[in-house]
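Participant: Pasting a structure here, questions to come.
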Amino acid sequence: MEQLKTIENGERVTPTFSQSEMQGRLDSLRKLMAAEGIDAALFTSYHNINYYSDFLYCSFGRPYGLVVTPDRATTISANIDGGQPWRRSFGDNLIYTDWQRDNYYAAVKSLMPDSGRIGVEFDHVSLQAMEKLKAALPDAAFVDISLPAMRMRMVKSAEEIAVIRNGARIADIGGAACVEAIAPGVPEHEVALHATRAMVREIAATYPHAELMDSWTWFQSGINTDGAHNPVTARRVEAGDILSLNCFPMIAGYYTALERTLFCQHASDRHLELWEVNCRVHRRGLELIRPGARCKDIAEELNGIYRDHDLLQYRTFGYGHSFGVLCHYYGREALLELREDIDTVLEPNMVVSMEPMIMLPEGRAGAGGYREHDILVVTEDGAENITGFPFGPEHNIVRT
């Protein structure tokens, strides 16, 4: 049985981005490779394969790849996917079969030079995978390409910003659907399902040729608000509950988000006090995002507001992060997070969130997690907030 094959089934689909956009990304990558003396690159992560090919794979336990050489870009996919990777890839596609073990590495070897410097993602390739790469290409030297690739992704193109802008708009639609479904006695999962359906339908209307995958909603109530990434449960909303709305529309691998603190029907005085402080931090954070600002300096100034209210010990994570090709199970642009250990200076066309959060544990007055989240596009002289959903007690006490 054959190890490798091609399946060019049907016609190429309408891509997410223009040919000039995708070619520009590859041209920039090849310029980087030439400067670093890298003869070929093997990308294995969801985010980089998607960024350079417009193909988002579904692993299901199988490895995938994108090989970029000076004159060719080829996605590597499993036979189980048929012609879908070819239809979705900008560039060529090569399929490996399951008929022999490690046919994936035969595909990699067939596309790579026998020797030279090979760029791989050190932050994604496992020890086992690296050993198999070395066995397939014994004369090659492997170097890390993950960090420079991340830096390239951090500054968005006009076409990327257009997708992110649509994502922010669709997240607002999901937020409105959440509010529509909130009432005492309604389970978290029903609120989340209502929001996700609204977002998926709008993505389908806006991008009729896109694959509809991975959009989701976390809607948390009461004690479940204590973690930003707590899954949805069947807990029923109660009057007086603190609530956390988290809507995440996914468009061709591009993540956007809307996150808001809400209350069901009413909030205690202490809850309102804590909520107002978090909103104060959020407003100041929105003002601080501008070109030339350092990520760590933004974090330090916002820490001061919490410290003035004796709340810094209840802060749970950084104040924001980059947007682009990323998701809850893949991708991260760690050099563009608003944290005390990040020296990155904001530049025009970077896209970042502002999302302060504090959490007071059960048993304390005002217990729960408070989080607001807006998306901002850094401009030449400031930043544009592309999130429209309102925040704060004057808007988000849901009285049903």
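Naming works like this for the structure tokens: A, B, ... for the chains as they're shown, residue 1 at the start of each chain, ligands 1 onward in shown order.
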What are the nearest atom pairs, with distances in Å to one decimal, for all residues of range 256-356 of chain A that come at most 8 Å from range 387-393 of chain A, using only C-alpha atoms, set out by chain and rising residue number as CSV?

Facilitator:
```
residue,atom,partner,partner_atom,distance
A:Leu258,CA,A:Thr387,CA,7.5
A:Arg260,CA,A:Phe391,CA,6.6
A:Thr261,CA,A:Gly392,CA,7.4
A:Leu262,CA,A:Pro393,CA,7.7
A:Leu272,CA,A:Pro393,CA,7.1
A:Trp275,CA,A:Gly392,CA,7.2
A:Glu276,CA,A:Gly392,CA,7.1
A:Cys279,CA,A:Gly392,CA,6.4
```

Participant: Quick one: residues within 6 Å of range 58-68 of chain A, only C-alpha atoms, excluding same-chain residues fewer than 6 positions away - as a PyMOL selection string?

Facilitator: chain A and resi 40-44+49+74-77

Participant: Can you pull out every residue from range 150-338 of chain A that DSSP, working from the backbone, puts in alpha helix (DSSP H), and format the result as a PyMOL selection string?

Facilitator: chain A and resi 150-154+158-181+188-206+269-288+295-308

Participant: Kindly give the distance, in Å, that separates CA of Arg364 in chain A and CA of Gly318 in chain A, rounded to a single decimal.

Facilitator: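 Value for the CA of Arg364 in chain A-CA of Gly318 in chain A distance: 23.3 Å.
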
Participant: List the neighbours of Met150 in chain A out to 9 Å using only C-alpha atoms; skip same-chain residues closer than 5 positions along the sequence, and give me the result as a list in words.

Facilitator: Asn48, Ile145, Arg332, Glu333, Ala334 and Leu335 of chain A

Participant: If you keep N, CA, C and O atoms, can you produce a file of those selected residues as a JSON list (two decimals), in the first residue's frame?

Facilitator:
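Done, and the output landed in again08.json:
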```
[["chain", "number", "residue", "atom", "x", "y", "z"],
["A", 48, "ASN", "N", 0.56, 28.20, 13.41],
["A", 48, "ASN", "CA", 1.45, 28.55, 12.30],
["A", 48, "ASN", "C", 1.04, 27.89, 10.99],
["A", 48, "ASN", "O", 1.17, 28.51, 9.91],
["A", 145, "ILE", "N", 12.27, 28.01, 15.21],
["A", 145, "ILE", "CA", 11.67, 29.08, 14.42],
["A", 145, "ILE", "C", 10.40, 29.62, 15.08],
["A", 145, "ILE", "O", 9.77, 30.53, 14.58],
["A", 332, "ARG", "N", -0.74, 30.90, 21.07],
["A", 332, "ARG", "CA", -0.56, 31.95, 22.06],
["A", 332, "ARG", "C", 0.56, 32.84, 21.57],
["A", 332, "ARG", "O", 1.58, 32.33, 21.09],
["A", 333, "GLU", "N", 0.38, 34.13, 21.65],
["A", 333, "GLU", "CA", 1.45, 35.07, 21.33],
["A", 333, "GLU", "C", 1.95, 35.66, 22.64],
["A", 333, "GLU", "O", 1.58, 36.76, 23.04],
["A", 334, "ALA", "N", 2.76, 34.86, 23.32],
["A", 334, "ALA", "CA", 3.12, 35.15, 24.70],
["A", 334, "ALA", "C", 3.93, 36.43, 24.86],
["A", 334, "ALA", "O", 3.97, 37.01, 25.95],
["A", 335, "LEU", "N", 4.58, 36.89, 23.79],
["A", 335, "LEU", "CA", 5.37, 38.12, 23.89],
["A", 335, "LEU", "C", 4.50, 39.37, 23.83],
["A", 335, "LEU", "O", 5.01, 40.48, 23.95]]
```

Participant: Show me a table, sorted first by chain and then by increasing residue number, of the residues of range 136-193 of chain A having an atom at most 8 Å from range 345-351 of chain A, each with its shortest atom pair and the distance in Å to one decimal, counting only C-alpha atoms and written as a Markdown table.

Facilitator:
```
| residue | atom | partner | partner_atom | distance |
| --- | --- | --- | --- | --- |
| A:Met154 | CA | A:Met350 | CA | 6.1 |
| A:Val155 | CA | A:Met350 | CA | 4.8 |
| A:Lys156 | CA | A:Asn349 | CA | 5.3 |
| A:Ser157 | CA | A:Asn349 | CA | 7.0 |
| A:Ile161 | CA | A:Asn349 | CA | 7.8 |
```

Participant: Taking 6 positions as the minimum chain separation for residues in the same chain, which residues sit within 7 Å of Tyr319 in chain A when counting only C-alpha atoms? Answer as a list in words.

Facilitator: Ala299, Leu338, Arg339, Met354, Glu355 and Pro356 of chain A

Participant: Write the residues of the preceding selection, restricted to N, CA and C atoms, as a short mmCIF file (atom, residue, chain, number, x, y, z; two decimals), in the first residue's frame.

Facilitator:
```cif
data_model
loop_
_atom_site.label_atom_id
_atom_site.label_comp_id
_atom_site.auth_asym_id
_atom_site.auth_seq_id
_atom_site.Cartn_x
_atom_site.Cartn_y
_atom_site.Cartn_z
N ALA A 299 0.84 47.02 33.07
CA ALA A 299 0.50 46.15 34.19
C ALA A 299 0.84 46.80 35.53
N LEU A 338 -0.07 41.59 28.53
CA LEU A 338 0.09 42.74 29.43
C LEU A 338 0.38 42.23 30.84
N ARG A 339 1.66 41.88 31.04
CA ARG A 339 2.12 41.32 32.31
C ARG A 339 3.42 41.99 32.72
N MET A 354 -7.95 44.34 26.80
CA MET A 354 -7.83 44.82 28.17
C MET A 354 -8.85 44.03 28.98
N GLU A 355 -8.37 43.25 29.96
CA GLU A 355 -9.28 42.35 30.68
C GLU A 355 -8.85 42.15 32.14
N PRO A 356 -9.01 43.17 32.96
CA PRO A 356 -8.68 43.00 34.38
C PRO A 356 -9.64 42.05 35.08
#
```

Participant: Which residue, A:Leu147, A:Val125, A:Leu137, A:Ala252, has the smallest gap to Tyr51 in chain A when you use only C-alpha atoms?

Facilitator: A:Ala252

Participant: Enter the distance from CA of Gly116 in chain A to CA of Glu21 in chain A, in Å, rounded to one decimal.

Facilitator: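 Going from CA of Gly116 in chain A over to CA of Glu21 in chain A covers 28.9 Å.
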
Participant: Per DSSP on the backbone, filter range 207-315 of chain A down to the residues in strand (DSSP E or B) and report them as JSON, numbers by chain.

Facilitator: {"A": [216, 217, 218, 219, 220, 221, 236, 242, 243, 244, 245, 246, 247, 248, 250, 251, 254, 255, 258, 259, 260, 261, 262, 263, 264, 294, 315]}

Participant: For each of A:Ala239, A:Ile203, A:Leu288, A:Leu245, take the minimum atom-to-atom distance to Gly167 in chain A, counting only C-alpha atoms, then give the residue where this is smallest.

Facilitator: A:Ile203

Participant: Neighbouring residues of Val186 in chain A were defined as those with any atom within 10 Å, considering only C-alpha atoms; residues of the same chain fewer than 4 positions away were excluded. Please report them as a list in words.

Facilitator: Ala181, Ile182, Glu190, Val191, Ala234, Arg235, Arg236, Val237 and Glu238 of chain A

Participant: In Å, how far is it from CA of Trp86 in chain A to CA of Glu11 in chain A?

Facilitator: 9.1 Å

Participant: For Asp54 in chain A, which of A:Met22, A:Val377, A:Leu29, A:Ile223 is the closest residue, counting only C-alpha atoms?

Facilitator: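 The answer is A:Met22, which sits nearest to Asp54 in chain A.
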
Participant: Calculated over only C-alpha atoms, which of the candidates A:Arg280, A:Lys31, A:Arg371, A:Arg307 has the smallest distance to Leu243 in chain A?

Facilitator: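 Once distances to Leu243 in chain A are computed over only C-alpha atoms, the minimum belongs to A:Arg371.
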
Participant: Please determine, counting only C-alpha atoms, which residue among A:Arg283, A:Lys109, A:Arg12, A:Arg153 has the shortest atom-to-atom distance to Gly331 in chain A.

Facilitator: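 Residue with the minimum atom-to-atom distance to Gly331 in chain A: A:Arg153.
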
Participant: Which of these residues is nearest to Asn278 in chain A, using only C-alpha atoms: A:Glu337, A:Ala228, A:Met357, A:Asn246?

Facilitator: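 Smallest distance to Asn278 in chain A is found for A:Met357.
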